$ cat data.txt   # compact mmCIF, C-alpha atoms
# COMPACT_ATOMS: atom_id res chain seq x y z
CA MET A 1 0.00 0.00 0.00
CA SER A 2 2.75 2.41 0.93
CA VAL A 3 4.53 1.73 -2.32
CA GLY A 4 1.39 2.34 -4.31
CA THR A 5 0.63 5.54 -2.40
CA SER A 6 4.13 6.98 -2.80
CA SER A 7 4.24 6.25 -6.50
CA ALA A 8 1.13 8.26 -7.29
CA PRO A 9 2.71 11.72 -7.01
CA GLY A 10 5.61 10.56 -9.13
CA ALA A 11 3.22 9.23 -11.71
CA GLN A 12 1.44 12.59 -11.72
CA ARG A 13 4.74 14.41 -12.16
CA ASP A 14 5.71 12.21 -15.10
CA ALA A 15 2.26 12.71 -16.66
CA ARG A 16 3.01 16.31 -17.64
CA PRO A 17 1.77 17.34 -21.05
CA PRO A 18 4.48 17.11 -23.70
CA ALA A 19 6.39 20.21 -24.65
CA PRO A 20 4.61 22.25 -27.32
CA ARG A 21 5.61 21.16 -30.80
CA PRO A 22 6.69 23.87 -33.26
CA GLY A 23 3.41 23.42 -35.11
CA ASP A 24 1.63 24.60 -31.96
CA LEU A 25 3.18 28.06 -32.45
CA ALA A 26 0.30 28.78 -34.81
CA GLU A 27 -2.05 28.66 -31.83
CA LEU A 28 -0.04 31.54 -30.35
CA GLY A 29 -0.24 33.49 -33.60
CA ILE A 30 3.44 32.86 -34.39
CA ASP A 31 4.51 31.51 -37.75
CA PRO A 32 8.10 30.16 -37.72
CA ASP A 33 8.51 31.34 -41.32
CA GLN A 34 8.02 34.93 -40.14
CA LEU A 35 10.98 34.77 -37.76
CA PRO A 36 13.99 36.81 -38.93
CA ASP A 37 16.51 34.12 -37.90
CA GLY A 38 16.77 30.54 -39.02
CA LEU A 39 14.96 28.07 -36.75
CA VAL A 40 15.61 24.31 -36.83
CA VAL A 41 13.98 21.99 -34.31
CA ALA A 42 14.68 18.27 -33.87
CA ASP A 43 12.53 15.88 -31.82
CA GLU A 44 13.64 13.39 -29.15
CA HIS A 45 14.85 11.00 -31.87
CA GLY A 46 16.98 13.62 -33.59
CA ARG A 47 14.61 14.05 -36.54
CA VAL A 48 13.98 17.55 -37.90
CA ILE A 49 10.38 18.63 -37.28
CA CYS A 50 10.76 22.37 -38.03
CA PHE A 51 12.87 24.05 -40.70
CA ASN A 52 11.66 27.60 -41.25
CA ALA A 53 12.02 29.81 -44.32
CA ALA A 54 15.02 31.73 -42.92
CA ALA A 55 16.85 28.46 -42.26
CA ALA A 56 16.14 27.36 -45.83
CA ARG A 57 17.46 30.69 -47.14
CA ILE A 58 20.62 30.63 -45.03
CA THR A 59 21.49 26.98 -45.72
CA ALA A 60 20.18 26.83 -49.31
CA VAL A 61 18.37 23.60 -48.33
CA PRO A 62 14.62 23.40 -49.10
CA ALA A 63 12.49 22.78 -46.02
CA GLU A 64 10.80 19.72 -47.55
CA ARG A 65 14.20 18.10 -48.03
CA ALA A 66 15.25 18.75 -44.42
CA LEU A 67 12.06 17.74 -42.61
CA GLY A 68 12.14 14.19 -41.29
CA ARG A 69 15.88 13.77 -41.73
CA ARG A 70 18.34 13.42 -38.91
CA LEU A 71 19.64 16.73 -37.59
CA GLU A 72 23.28 16.08 -38.43
CA THR A 73 22.29 15.17 -42.00
CA ALA A 74 19.86 18.03 -42.61
CA LEU A 75 22.23 20.55 -41.00
CA PRO A 76 25.81 19.32 -41.50
CA LEU A 77 27.90 21.84 -39.57
CA GLU A 78 31.63 21.97 -39.00
CA ASP A 79 33.73 24.16 -36.75
CA LEU A 80 36.47 26.39 -38.15
CA GLU A 81 38.97 23.53 -37.78
CA GLY A 82 36.90 21.18 -39.94
CA ARG A 83 35.48 18.99 -37.15
CA ARG A 84 31.85 17.88 -37.32
CA TRP A 85 29.94 19.92 -34.78
CA TRP A 86 27.20 17.43 -33.89
CA GLN A 87 29.76 14.75 -33.10
CA LEU A 88 31.63 17.18 -30.86
CA THR A 89 28.57 18.44 -28.97
CA ASP A 90 26.50 15.19 -28.92
CA PRO A 91 23.27 16.83 -27.67
CA TYR A 92 21.40 13.54 -27.12
CA GLY A 93 24.18 11.47 -25.57
CA GLY A 94 26.30 14.09 -23.85
CA LEU A 95 26.23 15.33 -20.28
CA ALA A 96 22.70 15.44 -18.90
CA ILE A 97 23.31 18.80 -17.21
CA ARG A 98 23.91 20.63 -20.47
CA VAL A 99 21.22 23.08 -21.52
CA GLY A 100 22.62 24.12 -24.90
CA GLN A 101 25.49 25.62 -26.84
CA PRO A 102 26.41 29.32 -26.94
CA GLU A 103 26.50 31.19 -30.23
CA ARG A 104 29.58 30.52 -32.33
CA ASN A 105 30.79 30.70 -35.91
CA LEU A 106 30.36 27.42 -37.81
CA LEU A 107 30.64 26.39 -41.44
CA LEU A 108 28.02 25.00 -43.80
CA PRO A 109 28.97 22.75 -46.73
CA GLY A 110 30.82 24.88 -49.22
CA GLY A 111 32.48 26.95 -46.48
CA ARG A 112 29.72 29.48 -45.85
CA GLU A 113 29.99 30.87 -42.32
CA VAL A 114 26.94 31.13 -40.05
CA LEU A 115 26.28 32.01 -36.42
CA VAL A 116 24.76 29.03 -34.62
CA SER A 117 23.38 28.55 -31.12
CA ALA A 118 21.46 25.60 -29.69
CA ARG A 119 19.10 24.94 -26.80
CA TYR A 120 18.39 21.51 -25.31
CA VAL A 121 14.82 21.15 -24.08
CA ARG A 122 14.24 18.57 -21.33
CA THR A 123 11.02 17.69 -19.53
CA ARG A 124 12.92 17.73 -16.24
CA PRO A 125 16.48 18.65 -15.16
CA THR A 126 19.03 16.01 -16.23
CA GLY A 127 16.24 14.18 -18.07
CA PRO A 128 16.46 13.03 -21.68
CA VAL A 129 16.50 15.66 -24.43
CA ARG A 130 13.03 16.11 -25.90
CA ARG A 131 13.90 18.87 -28.38
CA VAL A 132 17.01 20.43 -29.83
CA VAL A 133 16.27 24.01 -30.91
CA VAL A 134 18.88 25.56 -33.22
CA THR A 135 19.00 29.17 -34.38
CA LEU A 136 20.96 30.30 -37.42
CA ARG A 137 22.04 33.80 -38.32
CA ASP A 138 23.82 35.05 -41.41
CA THR A 139 27.20 36.64 -40.71
CA GLU A 140 26.99 39.11 -43.60
CA ALA A 141 25.65 41.97 -41.45
CA ARG A 142 28.43 41.42 -38.93
CA ARG A 143 31.00 41.29 -41.72
CA ARG A 144 29.73 44.58 -43.15
CA THR A 145 30.09 46.17 -39.72
CA GLU A 146 33.59 44.78 -39.34
CA ARG A 147 34.55 46.02 -42.82
CA SER A 148 33.13 49.45 -42.00
CA HIS A 149 35.15 49.61 -38.79
CA ALA A 150 38.30 48.45 -40.58
CA GLU A 151 37.79 51.05 -43.31
CA LEU A 152 37.25 53.75 -40.67
CA ILE A 153 40.49 52.82 -38.92
CA ALA A 154 42.42 52.74 -42.20
CA THR A 155 40.98 56.10 -43.34
CA VAL A 156 41.70 57.88 -40.06
CA ALA A 157 45.19 56.35 -39.84
CA HIS A 158 45.93 57.63 -43.34
CA GLU A 159 44.59 61.11 -42.53
CA LEU A 160 46.57 61.26 -39.28
CA ARG A 161 49.84 60.20 -40.87
CA SER A 162 50.27 63.36 -42.97
CA PRO A 163 49.87 66.03 -40.24
CA LEU A 164 51.81 64.00 -37.68
CA THR A 165 54.67 63.55 -40.14
CA SER A 166 54.66 67.30 -40.74
CA VAL A 167 54.60 68.10 -37.00
CA LYS A 168 57.42 65.66 -36.30
CA GLY A 169 59.53 66.92 -39.20
CA PHE A 170 59.23 70.63 -38.40
CA THR A 171 59.73 70.23 -34.65
CA ALA A 172 62.78 67.99 -35.16
CA THR A 173 64.24 70.50 -37.64
CA LEU A 174 63.66 73.44 -35.32
CA LEU A 175 65.20 71.63 -32.35
CA ALA A 176 68.26 70.58 -34.32
CA LYS A 177 68.91 73.80 -36.26
CA TRP A 178 67.15 76.59 -34.36
CA GLU A 179 69.95 79.13 -34.83
CA ARG A 180 70.11 78.68 -38.61
CA PHE A 181 66.58 79.95 -39.28
CA THR A 182 65.34 83.50 -39.40
CA ASP A 183 62.41 84.60 -37.28
CA ASP A 184 60.12 84.58 -40.33
CA GLN A 185 61.13 81.01 -41.17
CA LYS A 186 60.55 79.92 -37.58
CA ARG A 187 57.15 81.58 -37.55
CA LEU A 188 56.15 79.86 -40.82
CA MET A 189 57.15 76.43 -39.51
CA LEU A 190 55.41 76.97 -36.18
CA GLU A 191 52.25 78.14 -37.95
CA THR A 192 52.34 74.97 -40.04
CA VAL A 193 52.75 72.84 -36.91
CA ASP A 194 49.85 74.69 -35.27
CA ALA A 195 47.59 74.12 -38.30
CA ASP A 196 48.50 70.42 -38.46
CA ALA A 197 47.84 70.04 -34.73
CA ASP A 198 44.38 71.56 -35.29
CA ARG A 199 43.80 69.04 -38.07
CA VAL A 200 44.71 66.15 -35.77
CA THR A 201 42.37 67.54 -33.12
CA ARG A 202 39.52 67.72 -35.65
CA LEU A 203 40.11 64.11 -36.73
CA ILE A 204 40.03 62.91 -33.13
CA ALA A 205 36.84 64.92 -32.53
CA GLU A 206 35.27 63.25 -35.59
CA LEU A 207 36.15 59.82 -34.23
CA LEU A 208 34.57 60.65 -30.88
CA ASP A 209 31.45 62.00 -32.61
CA ILE A 210 31.09 58.83 -34.71
CA SER A 211 31.51 56.66 -31.63
CA ARG A 212 28.78 58.59 -29.79
CA ILE A 213 26.45 58.61 -32.81
CA ASP A 214 26.82 54.87 -33.42
CA SER A 215 26.19 54.08 -29.75
CA GLY A 216 23.32 56.57 -29.39
CA ARG A 217 25.22 58.55 -26.73
CA LEU A 218 25.55 61.89 -28.52
CA GLU A 219 24.55 64.44 -25.89
CA VAL A 220 22.74 67.65 -26.81
CA ARG A 221 23.05 70.58 -24.39
CA ARG A 222 20.27 72.93 -25.42
CA GLN A 223 20.63 76.69 -25.12
CA PRO A 224 18.98 79.60 -26.93
CA VAL A 225 20.52 79.83 -30.42
CA ASP A 226 20.33 82.78 -32.80
CA ILE A 227 20.69 80.78 -36.00
CA GLY A 228 20.91 83.89 -38.19
CA ALA A 229 23.78 85.31 -36.16
CA ALA A 230 25.53 81.92 -36.22
CA VAL A 231 25.40 81.79 -40.03
CA GLY A 232 26.60 85.41 -40.17
CA ARG A 233 29.70 84.55 -38.12
CA HIS A 234 30.62 81.77 -40.52
CA ILE A 235 30.21 84.07 -43.52
CA GLN A 236 32.40 86.72 -41.89
CA ALA A 237 35.10 84.11 -41.24
CA TYR A 238 35.12 83.12 -44.92
CA VAL A 239 35.30 86.76 -46.02
CA ALA A 240 38.19 87.37 -43.60
CA ALA A 241 39.94 84.32 -45.11
CA GLY A 242 39.76 85.82 -48.61
CA GLN A 243 36.35 84.86 -50.03
CA ARG A 244 34.38 87.60 -51.77
CA ALA A 245 31.56 89.00 -49.63
CA ASP A 246 29.18 88.95 -52.61
CA ARG A 247 29.60 85.18 -52.94
CA PHE A 248 27.26 84.70 -49.94
CA LEU A 249 23.56 85.54 -49.80
CA LEU A 250 21.86 85.22 -46.41
CA ARG A 251 18.07 85.44 -46.33
CA VAL A 252 16.18 85.25 -43.03
CA GLN A 253 12.41 85.06 -42.91
CA HIS A 254 11.09 86.74 -39.78
CA PRO A 255 9.67 86.12 -37.30
CA LEU A 256 11.61 82.98 -36.39
CA PRO A 257 10.54 80.82 -33.44
CA ASP A 258 12.83 80.66 -30.43
CA LEU A 259 15.31 77.87 -31.08
CA TRP A 260 16.85 75.83 -28.28
CA ALA A 261 19.74 73.72 -29.51
CA ASP A 262 23.36 72.87 -28.79
CA PRO A 263 25.22 75.93 -30.17
CA ASP A 264 28.54 74.09 -30.65
CA LYS A 265 26.90 71.28 -32.60
CA VAL A 266 24.81 73.68 -34.67
CA ASP A 267 28.06 75.48 -35.53
CA GLN A 268 29.55 72.12 -36.54
CA VAL A 269 26.62 71.46 -38.89
CA LEU A 270 26.81 74.95 -40.43
CA SER A 271 30.58 74.75 -40.80
CA ASN A 272 30.40 71.48 -42.69
CA LEU A 273 27.57 72.48 -45.03
CA LEU A 274 29.08 75.90 -45.83
CA GLU A 275 32.54 74.40 -46.34
CA ASN A 276 31.11 71.87 -48.80
CA ALA A 277 29.28 74.64 -50.68
CA VAL A 278 32.37 76.85 -50.88
CA ARG A 279 34.85 74.08 -51.71
CA HIS A 280 32.79 71.89 -54.04
CA GLY A 281 30.20 74.34 -55.36
CA GLU A 282 30.40 77.37 -57.59
CA GLY A 283 28.78 80.78 -57.85
CA THR A 284 26.70 82.25 -55.06
CA VAL A 285 26.17 80.29 -51.84
CA THR A 286 22.64 81.02 -50.66
CA ILE A 287 21.53 80.38 -47.06
CA ASP A 288 17.80 80.57 -46.37
CA ILE A 289 16.52 80.50 -42.77
CA THR A 290 12.77 80.03 -42.43
CA PRO A 291 10.20 78.94 -39.85
CA SER A 292 8.57 75.62 -40.65
CA ALA A 293 6.39 72.86 -39.26
CA SER A 294 7.90 70.42 -36.78
CA PRO A 295 9.65 67.41 -38.35
CA ARG A 296 8.13 65.24 -35.65
CA GLU A 297 5.02 63.41 -36.79
CA ARG A 298 3.22 63.92 -33.48
CA GLU A 299 3.82 67.69 -33.43
CA ASN A 300 2.08 69.16 -36.45
CA VAL A 301 2.32 72.64 -35.01
CA GLU A 302 2.79 75.48 -37.49
CA ASN A 303 6.13 77.31 -37.17
CA ALA A 304 7.31 74.83 -34.53
CA ALA A 305 10.72 74.40 -36.15
CA THR A 306 13.46 76.30 -37.96
CA SER A 307 14.80 75.23 -41.35
CA VAL A 308 18.17 76.17 -42.82
CA THR A 309 18.79 75.62 -46.54
CA VAL A 310 22.29 75.89 -48.03
CA SER A 311 22.42 76.02 -51.84
CA ASP A 312 25.19 76.57 -54.38
CA GLU A 313 25.41 76.94 -58.17
CA GLY A 314 27.95 74.22 -58.86
CA PRO A 315 27.54 70.93 -60.74
CA GLY A 316 25.48 69.45 -57.91
CA ILE A 317 25.35 65.86 -56.75
CA PRO A 318 24.61 63.10 -59.28
CA GLU A 319 21.16 61.57 -58.87
CA GLU A 320 22.59 58.09 -58.34
CA SER A 321 24.67 59.37 -55.40
CA MET A 322 21.86 61.14 -53.54
CA ASN A 323 21.09 58.15 -51.32
CA ARG A 324 24.76 57.78 -50.28
CA VAL A 325 25.53 61.38 -49.33
CA PHE A 326 25.03 60.86 -45.59
CA THR A 327 26.87 57.53 -45.40
CA ARG A 328 30.40 57.09 -44.13
CA PHE A 329 33.30 57.86 -46.49
CA TRP A 330 31.21 59.53 -49.19
CA ARG A 331 33.43 62.18 -50.79
CA GLY A 332 31.67 63.07 -54.03
CA SER A 333 33.60 63.78 -57.21
CA LYS A 334 36.47 65.58 -55.49
CA ARG A 335 38.61 63.39 -53.30
CA GLY A 336 40.12 64.49 -50.02
CA GLY A 337 39.12 64.50 -46.39
CA THR A 338 37.76 61.57 -44.45
CA GLY A 339 34.29 61.56 -45.98
CA LEU A 340 32.79 61.52 -42.48
CA GLY A 341 31.50 65.09 -42.25
CA LEU A 342 27.99 64.62 -43.63
CA TYR A 343 27.56 61.38 -41.68
CA ILE A 344 28.29 63.34 -38.49
CA VAL A 345 26.04 66.20 -39.59
CA LYS A 346 23.12 63.80 -40.02
CA GLY A 347 23.81 62.29 -36.58
CA ILE A 348 23.85 65.72 -34.92
CA VAL A 349 20.63 66.86 -36.60
CA GLU A 350 18.83 63.64 -35.68
CA ALA A 351 20.11 63.87 -32.10
CA HIS A 352 18.20 67.18 -31.93
CA GLY A 353 15.07 65.42 -33.20
CA GLY A 354 15.45 67.06 -36.61
CA THR A 355 15.77 65.96 -40.22
CA ILE A 356 18.19 66.68 -43.05
CA THR A 357 17.73 66.19 -46.80
CA VAL A 358 19.75 66.72 -49.94
CA GLY A 359 18.52 67.71 -53.37
CA ARG A 360 19.16 69.90 -56.38
CA ALA A 361 19.16 73.68 -55.99
CA PRO A 362 17.21 75.94 -58.36
CA GLY A 363 20.54 77.02 -59.88
CA GLY A 364 21.52 73.41 -60.54
CA GLY A 365 23.92 72.95 -57.62
CA ALA A 366 23.60 70.99 -54.41
CA GLN A 367 20.99 71.92 -51.82
CA PHE A 368 21.08 70.77 -48.20
CA ARG A 369 18.18 71.50 -45.90
CA PHE A 370 18.04 70.69 -42.21
CA THR A 371 15.15 71.33 -39.84
CA LEU A 372 15.45 71.58 -36.07
CA PRO A 373 12.35 71.42 -33.86
CA VAL A 374 11.80 74.23 -31.39
CA ALA A 375 12.55 72.53 -28.09
CA ALA A 376 13.41 73.73 -24.60
CA PRO A 377 15.58 72.17 -21.89
CA ALA A 378 13.83 69.68 -19.63
CA TYR A 379 13.87 72.08 -16.68
CA LEU A 380 11.74 74.57 -18.65
CA THR A 381 9.13 72.09 -19.87
$ encode --input "data.txt" --output "structure tokens"
Amino acid sequence: MSVGTSSAPGAQRDARPPAPRPGDLAELGIDPDQLPDGLVVADEHGRVICFNAAAARITAVPAERALGRRLETALPLEDLEGRRWWQLTDPYGGLAIRVGQPERNLLLPGGREVLVSARYVRTRPTGPVRRVVVTLRDTEARRRTERSHAELIATVAHELRSPLTSVKGFTATLLAKWERFTDDQKRLMLETVDADADRVTRLIAELLDISRIDSGRLEVRRQPVDIGAAVGRHIQAYVAAGQRADRFLLRVQHPLPDLWADPDKVDQVLSNLLENAVRHGEGTVTIDITPSASPRERENVENAATSVTVSDEGPGIPEESMNRVFTRFWRGSKRGGTGLGLYIVKGIVEAHGGTITVGRAPGGGAQFRFTLPVAAPAYLT
């Protein structure tokens, strides 16, 4: 009697309903073929019972050919040293305490690399494996990111080499032969060193900006900004540097709404757009400042934003390049620079909650337009 009584709870525990089969996902409104990653599920006998559309795309194996086959046959994976992965991991006969395999790079037949992780589903701890759930992810997106990072490092290293070589050369020459140079020669070399040091500082600042933009940590310290006065200062600087005053046309439509933005970052945006117009454009550079509707969809308030449009009369940007202007390393027809300026400009504008577009100016040149919403610091809202 005691044996029979004590066995009843155990029998109840073992009488749990079986784990939901992948087909049961439909009852939850989930279709495995809609998942973005590859999903492969094998039953307790090691037979494939789910092979979704993403898995078929990644492996180039049709689902109907994989279903019902043994897992190691339907999904023959090898590690980077050529060893068969299923023989190494042995999900059904390995240690009973294992719950899965962490994500790692493995190879499909033909050498294609994929990211694979596995989960072992058991009805109870240390019990037999009832399901092996495998996820597959293509490595192409990761490779593109790695290539982008490598290209960024190579570009910045190349841009840093020239000014650092100049700084090192001039300082070494001055230290070794100070008495041989006239005061004018010394001043010229020191001015060159100072300019090259500024260039290095700008490159480092660009790297920091890109890092903050990519990680979503670009901080905006909002203050009242007189956008018309800010543009005027940039124009005066160009005139002082030798540009003709009549090359610039500034038009401000009043009244403008009060603009709260980060003045240093707004200056960075203006500097880049005006420099591009002066260096790559021709004719008159026109800057229009106008009130506009908010770029935010939820704030359709009239005159709730300020727009700045910078236009030139040069050859403009080819139509096929329009969608690449704000990407990293885009330099247009004239080479030079890092090609990171407009990428940073877009990041700064979007960090303010604004938008930026590029198009063709009425005179045929390039036209950049950015819109910043009228916003106040948190302590004033």
$ atom_distance --input "data.txt" --atom1 "atom CA of Arg137 of chain A" --atom2 "atom CA of Val325 of chain A"
29.9 Å
$ closest_residue --input "data.txt" --among "A:Ser271, A:Gln101, A:Thr306, A:Asn52" --to "Thr371 of chain A" --atoms "only C-alpha atoms"
A:Thr306
$ closest_residue --input "data.txt" --among "A:Asp43, A:Glu282, A:Glu206, A:Asp183" --to "Thr155 of chain A" --atoms "all atoms listed in the file"
A:Glu206
$ residues_near_point --input "data.txt" --point "(9.3, 27.8, -37.9)" --cutoff "7 Å" --atoms "all atoms listed in the file" --output "PDB file with C-alpha atoms, in the frame of the given file"
ATOM      1  CA  PRO A  22       6.690  23.870 -33.260  1.00  0.00           C
ATOM      2  CA  ASP A  31       4.510  31.510 -37.750  1.00  0.00           C
ATOM      3  CA  PRO A  32       8.100  30.160 -37.720  1.00  0.00           C
ATOM      4  CA  ASP A  33       8.510  31.340 -41.320  1.00  0.00           C
ATOM      5  CA  LEU A  39      14.960  28.070 -36.750  1.00  0.00           C
ATOM      6  CA  CYS A  50      10.760  22.370 -38.030  1.00  0.00           C
ATOM      7  CA  PHE A  51      12.870  24.050 -40.700  1.00  0.00           C
ATOM      8  CA  ASN A  52      11.660  27.600 -41.250  1.00  0.00           C
TER       9      ASN A  52
END
$ atom_distance --input "data.txt" --atom1 "atom CA of Thr59 of chain A" --atom2 "atom CA of Arg142 of chain A"
17.4 Å
$ atom_distance --input "data.txt" --atom1 "atom CA of Asp262 of chain A" --atom2 "atom CA of Arg202 of chain A"
18.3 Å
$ closest_residue --input "data.txt" --among "A:Gln34, A:His280, A:Ile348, A:Pro255" --to "Arg221 of chain A" --atoms "all atoms listed in the file"
A:Ile348
$ closest_residue --input "data.txt" --among "A:Ala154, A:Ala54, A:Val225, A:Ala205" --to "Asp138 of chain A" --atoms "all atoms listed in the file"
A:Ala54
$ closest_residue --input "data.txt" --among "A:Ala361, A:Ala351, A:Arg119, A:Asp37" --to "Leu218 of chain A" --atoms "all atoms listed in the file"
A:Ala351
$ residues_around --input "data.txt" --residues "Ala197 of chain A" --least-positions-apart "3" --cutoff "10 Å" --atoms "only C-alpha atoms" --output "count of residues only"
13
$ closest_residue --input "data.txt" --among "A:Ala237, A:Ile344, A:Val132, A:Ala304" --to "Asn272 of chain A" --atoms "all atoms listed in the file"
A:Ile344
$ residues_around --input "data.txt" --residues "Asp258 of chain A" --least-positions-apart "6" --cutoff "10 Å" --atoms "only C-alpha atoms" --output "list in words"
Pro224, Val225, Asp226, Ile227, Pro291, Ala304, Ala305, Thr306, Pro373, Val374, Ala375 and Ala376 of chain A
